[in-house]
>>> print(open('query_11.cif').read())   # mmCIF, C-alpha atoms and all ligand atoms
data_data
#
loop_
_atom_site.label_atom_id
_atom_site.label_comp_id
_atom_site.auth_asym_id
_atom_site.auth_seq_id
_atom_site.Cartn_x
_atom_site.Cartn_y
_atom_site.Cartn_z
CA MET M 1 98.72 -82.63 61.60
CA LEU M 2 102.16 -82.77 63.16
CA LEU M 3 102.55 -79.61 65.19
CA PRO M 4 105.79 -78.03 66.45
CA GLY M 5 107.29 -80.29 69.11
CA ALA M 6 107.18 -83.25 66.72
CA THR M 7 110.43 -84.70 65.43
CA ILE M 8 111.38 -84.56 61.76
CA GLY M 9 113.79 -87.21 60.46
CA VAL M 10 116.01 -86.29 57.53
CA LEU M 11 118.04 -88.70 55.44
CA GLY M 12 121.08 -86.64 54.49
CA GLY M 13 122.80 -83.80 56.30
CA GLY M 14 124.01 -81.54 53.49
CA GLN M 15 123.13 -77.87 53.01
CA LEU M 16 119.52 -78.64 52.12
CA GLY M 17 119.21 -80.63 55.35
CA ARG M 18 120.89 -77.79 57.21
CA MET M 19 118.48 -75.11 55.97
CA LEU M 20 115.53 -77.45 56.53
CA ALA M 21 116.72 -78.07 60.09
CA MET M 22 117.25 -74.35 60.74
CA GLU M 23 113.71 -73.57 59.61
CA ALA M 24 112.33 -76.53 61.56
CA ARG M 25 114.11 -75.43 64.73
CA ARG M 26 112.85 -71.87 64.28
CA MET M 27 109.31 -73.25 64.11
CA GLY M 28 109.79 -75.39 67.21
CA TYR M 29 110.27 -78.82 65.64
CA ARG M 30 113.01 -81.22 66.63
CA VAL M 31 115.25 -82.63 63.93
CA ARG M 32 117.27 -85.82 63.60
CA ALA M 33 119.42 -86.42 60.55
CA VAL M 34 121.46 -89.31 59.20
CA ASP M 35 124.76 -88.55 57.48
CA PRO M 36 128.06 -90.43 57.29
CA ASP M 37 130.06 -87.25 57.98
CA PRO M 38 130.25 -86.22 61.67
CA ASP M 39 130.81 -82.65 60.45
CA ALA M 40 127.80 -82.69 58.11
CA CYS M 41 126.34 -79.23 57.41
CA ALA M 42 123.13 -80.08 59.26
CA ALA M 43 124.96 -81.29 62.39
CA PRO M 44 124.80 -77.98 64.33
CA PHE M 45 121.00 -77.92 63.93
CA ALA M 46 120.03 -81.57 64.27
CA GLU M 47 120.74 -84.61 66.37
CA LEU M 48 123.07 -86.36 63.99
CA VAL M 49 123.08 -90.12 63.55
CA GLN M 50 126.41 -90.88 61.93
CA ALA M 51 125.73 -93.59 59.36
CA ARG M 52 125.73 -94.19 55.64
CA LEU M 53 122.56 -93.40 53.72
CA ASP M 54 122.28 -97.05 52.64
CA ASP M 55 122.36 -98.28 56.26
CA VAL M 56 118.88 -99.75 56.75
CA ASP M 57 119.36 -100.30 60.50
CA ALA M 58 120.34 -96.68 61.03
CA ALA M 59 117.35 -95.54 58.98
CA LEU M 60 115.00 -97.76 61.01
CA GLU M 61 116.53 -96.44 64.22
CA LEU M 62 115.96 -92.89 62.95
CA ALA M 63 112.36 -93.74 62.04
CA ALA M 64 111.73 -95.10 65.54
CA HIS M 65 112.59 -91.66 66.98
CA CYS M 66 110.80 -89.47 64.44
CA ASP M 67 107.19 -88.61 63.62
CA VAL M 68 107.71 -88.15 59.90
CA LEU M 69 110.69 -88.64 57.60
CA THR M 70 112.04 -86.98 54.51
CA ILE M 71 115.16 -86.85 52.35
CA GLU M 72 117.43 -84.00 51.35
CA THR M 73 119.18 -85.83 48.51
CA GLU M 74 117.92 -88.35 45.99
CA HIS M 75 121.00 -90.49 46.63
CA VAL M 76 119.20 -92.46 49.32
CA PRO M 77 118.45 -95.99 48.12
CA ALA M 78 114.72 -96.36 47.45
CA ALA M 79 114.99 -99.75 49.21
CA VAL M 80 115.88 -97.93 52.45
CA LEU M 81 112.76 -95.79 52.16
CA ALA M 82 110.72 -98.93 51.44
CA GLN M 83 111.88 -100.33 54.79
CA ILE M 84 111.16 -97.25 56.87
CA GLU M 85 107.80 -96.54 55.30
CA THR M 86 106.55 -99.76 56.88
CA VAL M 87 106.83 -97.99 60.25
CA ARG M 88 106.55 -94.24 59.49
CA GLU M 89 105.31 -91.84 56.86
CA VAL M 90 108.09 -90.83 54.46
CA HIS M 91 107.89 -88.05 51.84
CA PRO M 92 108.78 -88.65 49.08
CA ASN M 93 107.90 -92.34 49.27
CA SER M 94 110.07 -95.18 47.95
CA ALA M 95 108.12 -95.65 44.71
CA LEU M 96 108.39 -91.98 43.82
CA LEU M 97 112.08 -91.83 44.70
CA GLY M 98 112.73 -95.02 42.70
CA THR M 99 111.22 -93.34 39.64
CA VAL M 100 113.02 -90.04 39.97
CA GLN M 101 116.50 -91.14 41.09
CA ASP M 102 117.02 -93.13 37.89
CA ARG M 103 117.29 -90.92 34.80
CA LEU M 104 115.92 -93.67 32.56
CA ARG M 105 112.84 -94.22 34.73
CA GLN M 106 112.38 -90.46 34.96
CA ARG M 107 112.40 -90.21 31.15
CA GLN M 108 109.97 -93.16 30.88
CA PHE M 109 107.69 -91.55 33.46
CA LEU M 110 107.61 -88.28 31.48
CA ALA M 111 106.90 -90.21 28.27
CA ARG M 112 104.10 -92.21 29.91
CA HIS M 113 102.40 -89.01 31.00
CA GLY M 114 102.88 -87.23 27.69
CA LEU M 115 105.07 -84.55 29.28
CA PRO M 116 107.41 -82.77 26.85
CA GLN M 117 111.10 -83.67 26.95
CA THR M 118 114.13 -83.92 24.71
CA GLY M 119 114.80 -87.03 22.59
CA TRP M 120 116.45 -89.83 24.54
CA ALA M 121 117.46 -93.49 24.43
CA ALA M 122 118.64 -96.00 27.03
CA VAL M 123 122.28 -97.09 26.68
CA ASP M 124 123.76 -100.22 28.26
CA ASP M 125 126.90 -100.80 26.19
CA LEU M 126 129.00 -99.31 23.42
CA ALA M 127 126.92 -100.90 20.66
CA GLY M 128 123.84 -99.44 22.33
CA LEU M 129 125.50 -96.00 22.44
CA GLU M 130 126.31 -96.16 18.73
CA ALA M 131 122.71 -97.13 17.94
CA ALA M 132 121.36 -94.40 20.26
CA LEU M 133 123.51 -91.75 18.54
CA VAL M 134 121.77 -92.64 15.29
CA THR M 135 118.25 -92.29 16.72
CA VAL M 136 118.92 -89.35 19.07
CA GLY M 137 121.37 -87.51 16.81
CA ARG M 138 124.36 -85.29 17.63
CA PRO M 139 125.26 -83.32 19.61
CA ALA M 140 123.98 -85.37 22.50
CA VAL M 141 124.63 -85.74 26.24
CA LEU M 142 125.42 -89.10 27.75
CA LYS M 143 124.34 -89.26 31.41
CA THR M 144 124.69 -92.07 33.93
CA ARG M 145 121.30 -93.35 35.06
CA THR M 146 122.11 -92.89 38.74
CA GLU M 147 124.41 -90.99 41.07
CA GLY M 148 124.94 -88.00 38.78
CA TYR M 149 124.60 -84.43 40.04
CA ASP M 150 125.94 -80.98 39.13
CA GLY M 151 127.14 -82.28 35.77
CA LYS M 152 128.97 -85.25 37.27
CA GLY M 153 128.37 -88.42 35.29
CA GLN M 154 127.63 -86.41 32.12
CA LEU M 155 129.47 -86.12 28.81
CA ARG M 156 128.61 -84.16 25.70
CA ILE M 157 129.15 -86.05 22.46
CA GLY M 158 129.66 -83.66 19.57
CA VAL M 159 129.68 -84.34 15.85
CA GLY M 160 133.34 -85.41 15.67
CA ASP M 161 133.59 -87.15 19.05
CA ASP M 162 134.43 -90.83 19.39
CA PRO M 163 131.60 -92.76 21.11
CA ALA M 164 134.07 -95.38 22.44
CA ALA M 165 136.07 -92.68 24.26
CA ALA M 166 132.86 -91.23 25.75
CA TRP M 167 131.69 -94.66 26.83
CA ALA M 168 135.05 -95.42 28.47
CA ALA M 169 135.14 -92.01 30.18
CA LEU M 170 131.70 -92.50 31.70
CA GLY M 171 132.86 -95.70 33.36
CA ARG M 172 130.54 -98.01 31.41
CA ALA M 173 127.62 -97.46 33.79
CA PRO M 174 124.07 -97.86 32.47
CA ALA M 175 123.23 -94.53 30.93
CA VAL M 176 120.75 -92.44 29.00
CA LEU M 177 121.64 -90.55 25.84
CA GLU M 178 119.78 -87.26 25.48
CA ALA M 179 119.54 -84.99 22.46
CA TRP M 180 121.36 -81.72 23.11
CA VAL M 181 118.91 -78.85 23.58
CA ALA M 182 119.86 -75.44 22.18
CA PHE M 183 117.74 -73.73 24.81
CA GLU M 184 117.11 -70.03 25.14
CA ARG M 185 116.81 -70.13 28.92
CA GLU M 186 116.78 -72.64 31.73
CA ILE M 187 113.95 -72.19 34.19
CA SER M 188 112.63 -74.07 37.19
CA VAL M 189 109.36 -74.37 38.99
CA VAL M 190 109.56 -74.97 42.73
CA LEU M 191 106.25 -75.98 44.23
CA ALA M 192 104.73 -77.73 47.20
CA ARG M 193 101.92 -80.25 47.22
CA GLY M 194 100.12 -81.14 50.43
CA HIS M 195 98.50 -84.36 51.65
CA GLY M 196 95.12 -83.32 50.25
CA GLY M 197 96.60 -82.37 46.87
CA GLU M 198 96.66 -78.64 47.67
CA LEU M 199 99.31 -76.71 45.77
CA ALA M 200 101.56 -73.73 46.32
CA VAL M 201 103.72 -72.74 43.36
CA TYR M 202 106.56 -70.23 43.73
CA PRO M 203 107.30 -67.71 40.99
CA VAL M 204 109.16 -69.34 38.07
CA ALA M 205 112.92 -68.93 38.43
CA GLU M 206 115.53 -68.51 35.73
CA ASN M 207 118.79 -70.38 36.14
CA GLU M 208 122.23 -69.83 34.69
CA HIS M 209 124.68 -72.70 34.98
CA ARG M 210 128.46 -72.56 34.72
CA HIS M 211 130.25 -75.84 34.00
CA HIS M 212 126.93 -77.65 34.68
CA VAL M 213 126.68 -76.17 38.18
CA LEU M 214 124.00 -73.61 39.05
CA HIS M 215 125.62 -70.17 39.12
CA ILE M 216 122.79 -67.66 39.41
CA THR M 217 119.03 -67.82 39.90
CA ARG M 218 116.84 -64.85 39.08
CA ALA M 219 113.22 -64.73 40.16
CA PRO M 220 110.90 -63.96 38.56
CA ALA M 221 112.26 -65.35 35.30
CA ARG M 222 112.42 -63.14 32.19
CA ILE M 223 109.63 -65.01 30.41
CA THR M 224 106.22 -64.09 29.08
CA PRO M 225 103.15 -64.62 31.30
CA ALA M 226 102.05 -67.37 28.87
CA VAL M 227 105.35 -69.26 29.28
CA ALA M 228 105.21 -68.79 33.06
CA HIS M 229 101.68 -70.18 33.06
CA ARG M 230 102.70 -73.19 30.97
CA ALA M 231 105.76 -73.81 33.19
CA ARG M 232 103.59 -73.83 36.30
CA GLU M 233 101.12 -76.16 34.60
CA LEU M 234 103.93 -78.56 33.72
CA GLY M 235 105.38 -78.45 37.23
CA VAL M 236 101.97 -79.18 38.73
CA ALA M 237 101.35 -81.99 36.20
CA VAL M 238 104.62 -83.66 37.26
CA ALA M 239 103.83 -83.35 40.98
CA GLU M 240 100.30 -84.69 40.50
CA ALA M 241 101.36 -87.57 38.27
CA LEU M 242 103.90 -88.57 40.91
CA GLY M 243 101.45 -88.05 43.78
CA HIS M 244 104.18 -86.09 45.53
CA VAL M 245 103.78 -84.64 49.02
CA GLY M 246 106.32 -81.95 49.88
CA VAL M 247 108.42 -79.52 47.90
CA MET M 248 109.55 -80.45 44.42
CA ALA M 249 111.55 -78.72 41.71
CA VAL M 250 111.04 -79.26 38.00
CA GLU M 251 113.83 -77.92 35.79
CA MET M 252 112.91 -77.04 32.22
CA PHE M 253 114.48 -75.78 29.01
CA LEU M 254 112.76 -72.89 27.21
CA LEU M 255 113.21 -73.02 23.44
CA ALA M 256 113.25 -69.99 21.16
CA ASN M 257 109.76 -70.88 19.87
CA GLY M 258 108.34 -70.71 23.40
CA GLU M 259 108.14 -74.48 23.85
CA LEU M 260 109.16 -75.98 27.22
CA LEU M 261 110.92 -79.31 27.76
CA VAL M 262 111.20 -80.93 31.18
CA ASN M 263 114.88 -81.62 31.94
CA GLU M 264 114.98 -82.89 35.49
CA ILE M 265 112.74 -83.53 38.48
CA ALA M 266 113.97 -83.21 42.07
CA PRO M 267 111.47 -84.43 44.71
CA ARG M 268 112.92 -82.17 47.40
CA THR M 269 113.95 -78.61 48.11
CA HIS M 270 116.20 -77.27 45.39
CA ASN M 271 119.11 -74.89 44.89
CA SER M 272 117.01 -72.81 42.47
CA GLY M 273 114.49 -72.29 45.31
CA HIS M 274 117.02 -70.80 47.74
CA TYR M 275 115.75 -67.33 46.85
CA THR M 276 112.55 -68.16 48.75
CA LEU M 277 114.56 -68.20 52.00
CA GLY M 278 114.54 -64.48 52.66
CA GLY M 279 112.59 -63.61 49.50
CA CYS M 280 109.18 -65.07 50.39
CA ALA M 281 107.21 -65.16 53.62
CA THR M 282 107.37 -68.96 53.49
CA SER M 283 110.73 -70.41 52.42
CA GLN M 284 110.83 -73.63 50.44
CA PHE M 285 112.20 -75.31 53.59
CA GLU M 286 109.31 -74.18 55.80
CA GLN M 287 106.93 -75.07 52.96
CA HIS M 288 108.34 -78.59 52.77
CA LEU M 289 107.86 -79.00 56.53
CA ARG M 290 104.32 -77.65 56.28
CA ALA M 291 103.51 -80.09 53.48
CA ILE M 292 104.96 -83.22 55.11
CA CYS M 293 103.52 -82.32 58.52
CA GLY M 294 100.04 -81.76 57.08
CA LEU M 295 99.95 -78.04 57.94
CA PRO M 296 98.31 -75.50 55.62
CA LEU M 297 100.74 -74.34 52.92
CA GLY M 298 102.24 -70.86 53.33
CA ASP M 299 102.48 -67.71 51.24
CA VAL M 300 104.61 -68.03 48.09
CA THR M 301 104.50 -64.44 46.87
CA LEU M 302 107.82 -62.75 46.18
CA PRO M 303 107.37 -59.09 47.10
CA LYS M 304 110.65 -58.00 45.48
CA PRO M 305 112.63 -59.64 42.66
CA ALA M 306 115.44 -61.86 43.88
CA LEU M 307 118.89 -62.86 42.74
CA MET M 308 120.67 -65.86 44.24
CA LEU M 309 124.37 -66.34 43.61
CA ASN M 310 126.02 -69.66 44.45
CA LEU M 311 129.42 -69.58 46.13
CA LEU M 312 131.69 -72.48 45.15
CA GLY M 313 134.74 -73.75 47.00
CA ASP M 314 136.97 -72.46 44.17
CA LEU M 315 136.55 -68.96 45.62
CA TRP M 316 138.34 -70.14 48.77
CA THR M 317 140.93 -72.39 47.17
CA ASP M 318 141.96 -69.85 44.49
CA GLY M 319 142.78 -67.06 46.93
CA GLU M 320 140.96 -64.68 49.24
CA PRO M 321 137.20 -65.44 49.24
CA PRO M 322 135.07 -62.42 48.26
CA LEU M 323 133.49 -61.98 51.68
CA ALA M 324 134.45 -58.31 51.97
CA PRO M 325 132.55 -57.17 48.82
CA ILE M 326 129.57 -59.33 49.76
CA LEU M 327 129.42 -57.92 53.28
CA ALA M 328 129.92 -54.40 51.91
CA HIS M 329 126.66 -54.72 49.92
CA PRO M 330 124.00 -53.59 52.39
CA GLY M 331 121.30 -55.74 50.79
CA ALA M 332 123.30 -58.94 50.27
CA ARG M 333 122.31 -61.76 52.56
CA LEU M 334 125.16 -64.26 53.03
CA HIS M 335 124.61 -67.96 53.69
CA LEU M 336 127.60 -70.22 54.38
CA TYR M 337 126.94 -73.88 54.95
CA GLY M 338 129.92 -74.71 57.18
CA LYS M 339 131.47 -76.92 54.52
CA ALA M 340 135.16 -77.44 53.81
CA PRO M 341 135.77 -75.54 50.55
CA ARG M 342 136.77 -77.74 47.62
CA PRO M 343 136.76 -76.80 43.93
CA GLY M 344 133.31 -77.17 42.39
CA ARG M 345 131.65 -77.70 45.77
CA LYS M 346 128.73 -75.48 46.76
CA VAL M 347 129.72 -73.90 50.06
CA GLY M 348 127.23 -71.06 50.31
CA HIS M 349 125.06 -68.56 48.50
CA VAL M 350 124.12 -64.91 48.51
CA LEU M 351 120.64 -63.46 48.17
CA VAL M 352 119.94 -59.95 46.91
CA LEU M 353 116.39 -58.57 46.78
CA THR M 354 116.18 -55.68 44.34
CA ASP M 355 114.07 -54.06 41.65
CA ASP M 356 117.17 -53.95 39.43
CA LEU M 357 118.12 -57.59 38.81
CA ASP M 358 120.42 -56.67 35.91
CA ALA M 359 122.51 -54.46 38.18
CA ALA M 360 122.49 -57.22 40.84
CA GLN M 361 123.63 -59.76 38.28
CA ALA M 362 126.47 -57.48 37.13
CA TRP M 363 127.48 -57.06 40.78
CA ALA M 364 127.30 -60.84 41.37
CA ASP M 365 129.39 -61.61 38.29
CA GLY M 366 131.94 -59.08 39.52
CA VAL M 367 132.07 -60.68 42.97
CA VAL M 368 132.87 -64.17 41.73
CA GLY M 369 134.78 -63.11 38.61
P1 LIG A 1 121.22 -82.02 34.68
O1 LIG A 1 122.11 -82.69 35.68
O2 LIG A 1 120.52 -82.95 33.78
O3 LIG A 1 120.31 -81.02 35.33
O4 LIG A 1 122.21 -81.16 33.76
C1 LIG A 1 122.96 -80.07 34.30
C2 LIG A 1 123.02 -78.96 33.27
O5 LIG A 1 123.66 -79.42 32.08
C3 LIG A 1 121.66 -78.47 32.81
O6 LIG A 1 121.10 -77.57 33.72
C4 LIG A 1 122.02 -77.86 31.47
O7 LIG A 1 122.64 -76.60 31.64
C5 LIG A 1 123.04 -78.83 30.94
N1 LIG A 1 122.33 -79.89 30.18
C6 LIG A 1 121.93 -81.08 30.65
N2 LIG A 1 121.28 -81.81 29.71
C7 LIG A 1 121.27 -81.04 28.60
C8 LIG A 1 120.74 -81.22 27.29
N3 LIG A 1 120.11 -82.35 26.91
N4 LIG A 1 120.90 -80.21 26.40
C9 LIG A 1 121.55 -79.05 26.75
N5 LIG A 1 122.07 -78.85 27.97
C10 LIG A 1 121.94 -79.81 28.89
#
>>> encode(input="query_11.cif", output="structure tokens")
Amino acid sequence: MLLPGATIGVLGGGQLGRMLAMEARRMGYRVRAVDPDPDACAAPFAELVQARLDDVDAALELAAHCDVLTIETEHVPAAVLAQIETVREVHPNSALLGTVQDRLRQRQFLARHGLPQTGWAAVDDLAGLEAALVTVGRPAVLKTRTEGYDGKGQLRIGVGDDPAAAWAALGRAPAVLEAWVAFEREISVVLARGHGGELAVYPVAENEHRHHVLHITRAPARITPAVAHRARELGVAVAEALGHVGVMAVEMFLLANGELLVNEIAPRTHNSGHYTLGGCATSQFEQHLRAICGLPLGDVTLPKPALMLNLLGDLWTDGEPPLAPILAHPGARLHLYGKAPRPGRKVGHVLVLTDDLDAAQAWADGVVG
């Protein structure tokens, strides 16, 4: 067990690293983080090592000064984790990260374990894309195997669209073609798994995306108890098959017939779990620390329904940001990450705990327009 006083090393200093560091500091841990940006979000709460995430020497130097290491983004090369895990414990480990950070390997992993997912095919060139469109069908989504996030590196190919144009637009990177899912809802399961396999699963959340970026999370999700049970089972099956230690998010599509398909796995804290910070006794960030430090897992109950609204940089660049209406709401809890606002960039979020999530959602939609 690593008790407070120990040093946590984090690869990445974005908002997830920042909130992890804030929770770690509150609990009495020390935090060191690697990020190429001297003004990284986590910098005010961690000793920052300014280096690229593919810098093995910097990662080894970080490992030498930390008791346990973790990541806050999957865009850390698995090879870097492979190096540091020779000297320190790292969660997730390099093998797990290598599986999850590549969309093709993630799809193959799900297939190997019989976990439900949409139809897919690997695509390496234009001829491969044309063949994949025949097997997968249209509409479909072409996604780069690596480096994609928040809809970046993704293109929808509709019935009349030219595959050559899509292939050129994606930059010819190795990709995966996925069958388009006409889902009823998007949901996610955020859970923690400890060293001994113990589990703590947060209430299933419901996510609404705008332009492929998470807009609003509502928890609990508007789903039947049977669907919630199945979602939790699937989330746990993914975590167990991966042998994950720490917090993990599994995003899923709910179909009209009640079936669930796994869309994406994130072996880290997740935007759709931000409601736990303020909504639950143990936030996903504290829970991740508890799991990787070998502490008992904390309470995941959500005493009051929660709504989380993401704030994007557009709100700052398109005029006056809506801070006044947010601050005027007595129950709205504002989080700003200290990031320079740019269009499409997540710069903060708002949490509202309320028994009337519909009213909160109407308020949130009004705030961001
Ligand atoms: P991803 O990066 O895979 O999580 O995709 C971001 C968002 O794009 C998802 O949350 C969905 O809203 C949408 N999306 C991605 N893949 C599909 C798909 N196969 N069918 C329908 N919508 C999708």
>>> residues_near_ligand(input="query_11.cif", ligand="ligand LIG 1 (chain A)", cutoff="10 Å", atoms="all atoms listed in the file", output="number ranges by chain")
M: 103, 117-120, 139-144, 148-156, 177-183, 185-188, 207-214, 250-253, 261-266
>>> atom_distance(input="query_11.cif", atom1="atom CA of M:Tyr202", atom2="atom CA of M:Val190")
5.7 Å
>>> closest_residue(input="query_11.cif", among="M:Glu147, M:Arg107, M:Pro305, M:Ala241", to="M:Ala205", atoms="all atoms listed in the file")
M:Pro305
>>> closest_residue(input="query_11.cif", among="M:Leu199, M:Leu260, M:Leu295, M:Ala164", to="M:Glu184", atoms="all atoms listed in the file")
M:Leu260
>>> closest_residue(input="query_11.cif", among="M:Thr7, M:Thr146, M:Gln284, M:Thr70", to="M:Asp102", atoms="all atoms listed in the file")
M:Thr146
>>> closest_residue(input="query_11.cif", among="M:Ile326, M:Met27, M:Val247, M:Val10", to="M:Gly366", atoms="only C-alpha atoms")
M:Ile326
>>> atom_distance(input="query_11.cif", atom1="atom CA of M:Val49", atom2="atom CA of M:Ala63")
11.4 Å
>>> closest_atom_pairs(input="query_11.cif", of="stretch 245-299 of chain M", to="stretch 334-353 of chain M", cutoff="8 Å", atoms="all atoms listed in the file", output="Markdown table")
| residue | atom | partner | partner_atom | distance |
| --- | --- | --- | --- | --- |
| M:Tyr275 | CA | M:Leu351 | CA | 6.4 |
| M:Gly278 | CA | M:Leu351 | CA | 7.6 |
| M:Gly279 | CA | M:Leu353 | CA | 6.9 |
>>> write_last_selection(input="query_11.cif", atoms="C-alpha atoms", output="short mmCIF file (atom, residue, chain, number, x, y, z; two decimals), in the coordinates of the input")
data_model
loop_
_atom_site.label_atom_id
_atom_site.label_comp_id
_atom_site.auth_asym_id
_atom_site.auth_seq_id
_atom_site.Cartn_x
_atom_site.Cartn_y
_atom_site.Cartn_z
CA TYR M 275 115.75 -67.33 46.85
CA GLY M 278 114.54 -64.48 52.66
CA GLY M 279 112.59 -63.61 49.50
#
>>> atom_distance(input="query_11.cif", atom1="atom CA of M:Leu3", atom2="atom CA of M:Ala291")
11.8 Å
>>> decode(input="query_11.cif", residues="stretch 312-328 of chain M", atoms="N, CA, C and O atoms", output="compact mmCIF listing (two decimals), in the first residue's frame")
# COMPACT_ATOMS: atom_id res chain seq x y z
N LEU M 312 -16.48 24.49 -23.89
CA LEU M 312 -15.46 24.48 -24.94
C LEU M 312 -14.93 25.90 -25.17
O LEU M 312 -15.60 26.89 -24.86
N GLY M 313 -13.74 25.95 -25.76
CA GLY M 313 -13.09 27.24 -26.01
C GLY M 313 -13.91 28.18 -26.87
O GLY M 313 -13.77 29.40 -26.75
N ASP M 314 -14.80 27.60 -27.70
CA ASP M 314 -15.66 28.44 -28.57
C ASP M 314 -16.41 29.50 -27.76
O ASP M 314 -16.68 30.59 -28.25
N LEU M 315 -16.78 29.15 -26.53
CA LEU M 315 -17.56 30.07 -25.70
C LEU M 315 -16.76 31.33 -25.37
O LEU M 315 -17.32 32.38 -25.10
N TRP M 316 -15.44 31.21 -25.40
CA TRP M 316 -14.56 32.35 -25.12
C TRP M 316 -14.21 33.11 -26.41
O TRP M 316 -14.13 34.31 -26.41
N THR M 317 -14.04 32.31 -27.49
CA THR M 317 -13.57 32.94 -28.73
C THR M 317 -14.72 33.58 -29.51
O THR M 317 -14.50 34.42 -30.37
N ASP M 318 -15.97 33.17 -29.20
CA ASP M 318 -17.12 33.71 -29.94
C ASP M 318 -17.77 34.89 -29.22
O ASP M 318 -18.86 35.30 -29.57
N GLY M 319 -17.17 35.37 -28.16
CA GLY M 319 -17.77 36.49 -27.42
C GLY M 319 -17.56 36.30 -25.93
O GLY M 319 -16.63 35.64 -25.50
N GLU M 320 -18.48 36.89 -25.16
CA GLU M 320 -18.37 36.87 -23.71
C GLU M 320 -18.67 35.46 -23.19
O GLU M 320 -19.74 34.91 -23.46
N PRO M 321 -17.76 34.82 -22.46
CA PRO M 321 -18.07 33.48 -21.95
C PRO M 321 -19.21 33.53 -20.93
O PRO M 321 -19.38 34.55 -20.25
N PRO M 322 -19.99 32.47 -20.82
CA PRO M 322 -21.21 32.52 -19.99
C PRO M 322 -20.94 32.32 -18.50
O PRO M 322 -21.63 31.55 -17.84
N LEU M 323 -19.92 33.00 -17.99
CA LEU M 323 -19.60 32.78 -16.58
C LEU M 323 -20.66 33.38 -15.66
O LEU M 323 -20.96 32.80 -14.61
N ALA M 324 -21.24 34.51 -16.06
CA ALA M 324 -22.24 35.16 -15.19
C ALA M 324 -23.43 34.23 -14.96
O ALA M 324 -23.80 33.99 -13.79
N PRO M 325 -24.06 33.66 -16.01
CA PRO M 325 -25.20 32.76 -15.72
C PRO M 325 -24.80 31.51 -14.95
O PRO M 325 -25.58 31.00 -14.15
N ILE M 326 -23.59 31.04 -15.17
CA ILE M 326 -23.16 29.84 -14.43
C ILE M 326 -23.01 30.19 -12.95
O ILE M 326 -23.51 29.49 -12.06
N LEU M 327 -22.35 31.32 -12.69
CA LEU M 327 -22.13 31.70 -11.29
C LEU M 327 -23.43 32.11 -10.61
O LEU M 327 -23.56 32.01 -9.39
N ALA M 328 -24.42 32.55 -11.42
CA ALA M 328 -25.71 32.96 -10.84
C ALA M 328 -26.54 31.74 -10.41
O ALA M 328 -27.49 31.88 -9.65
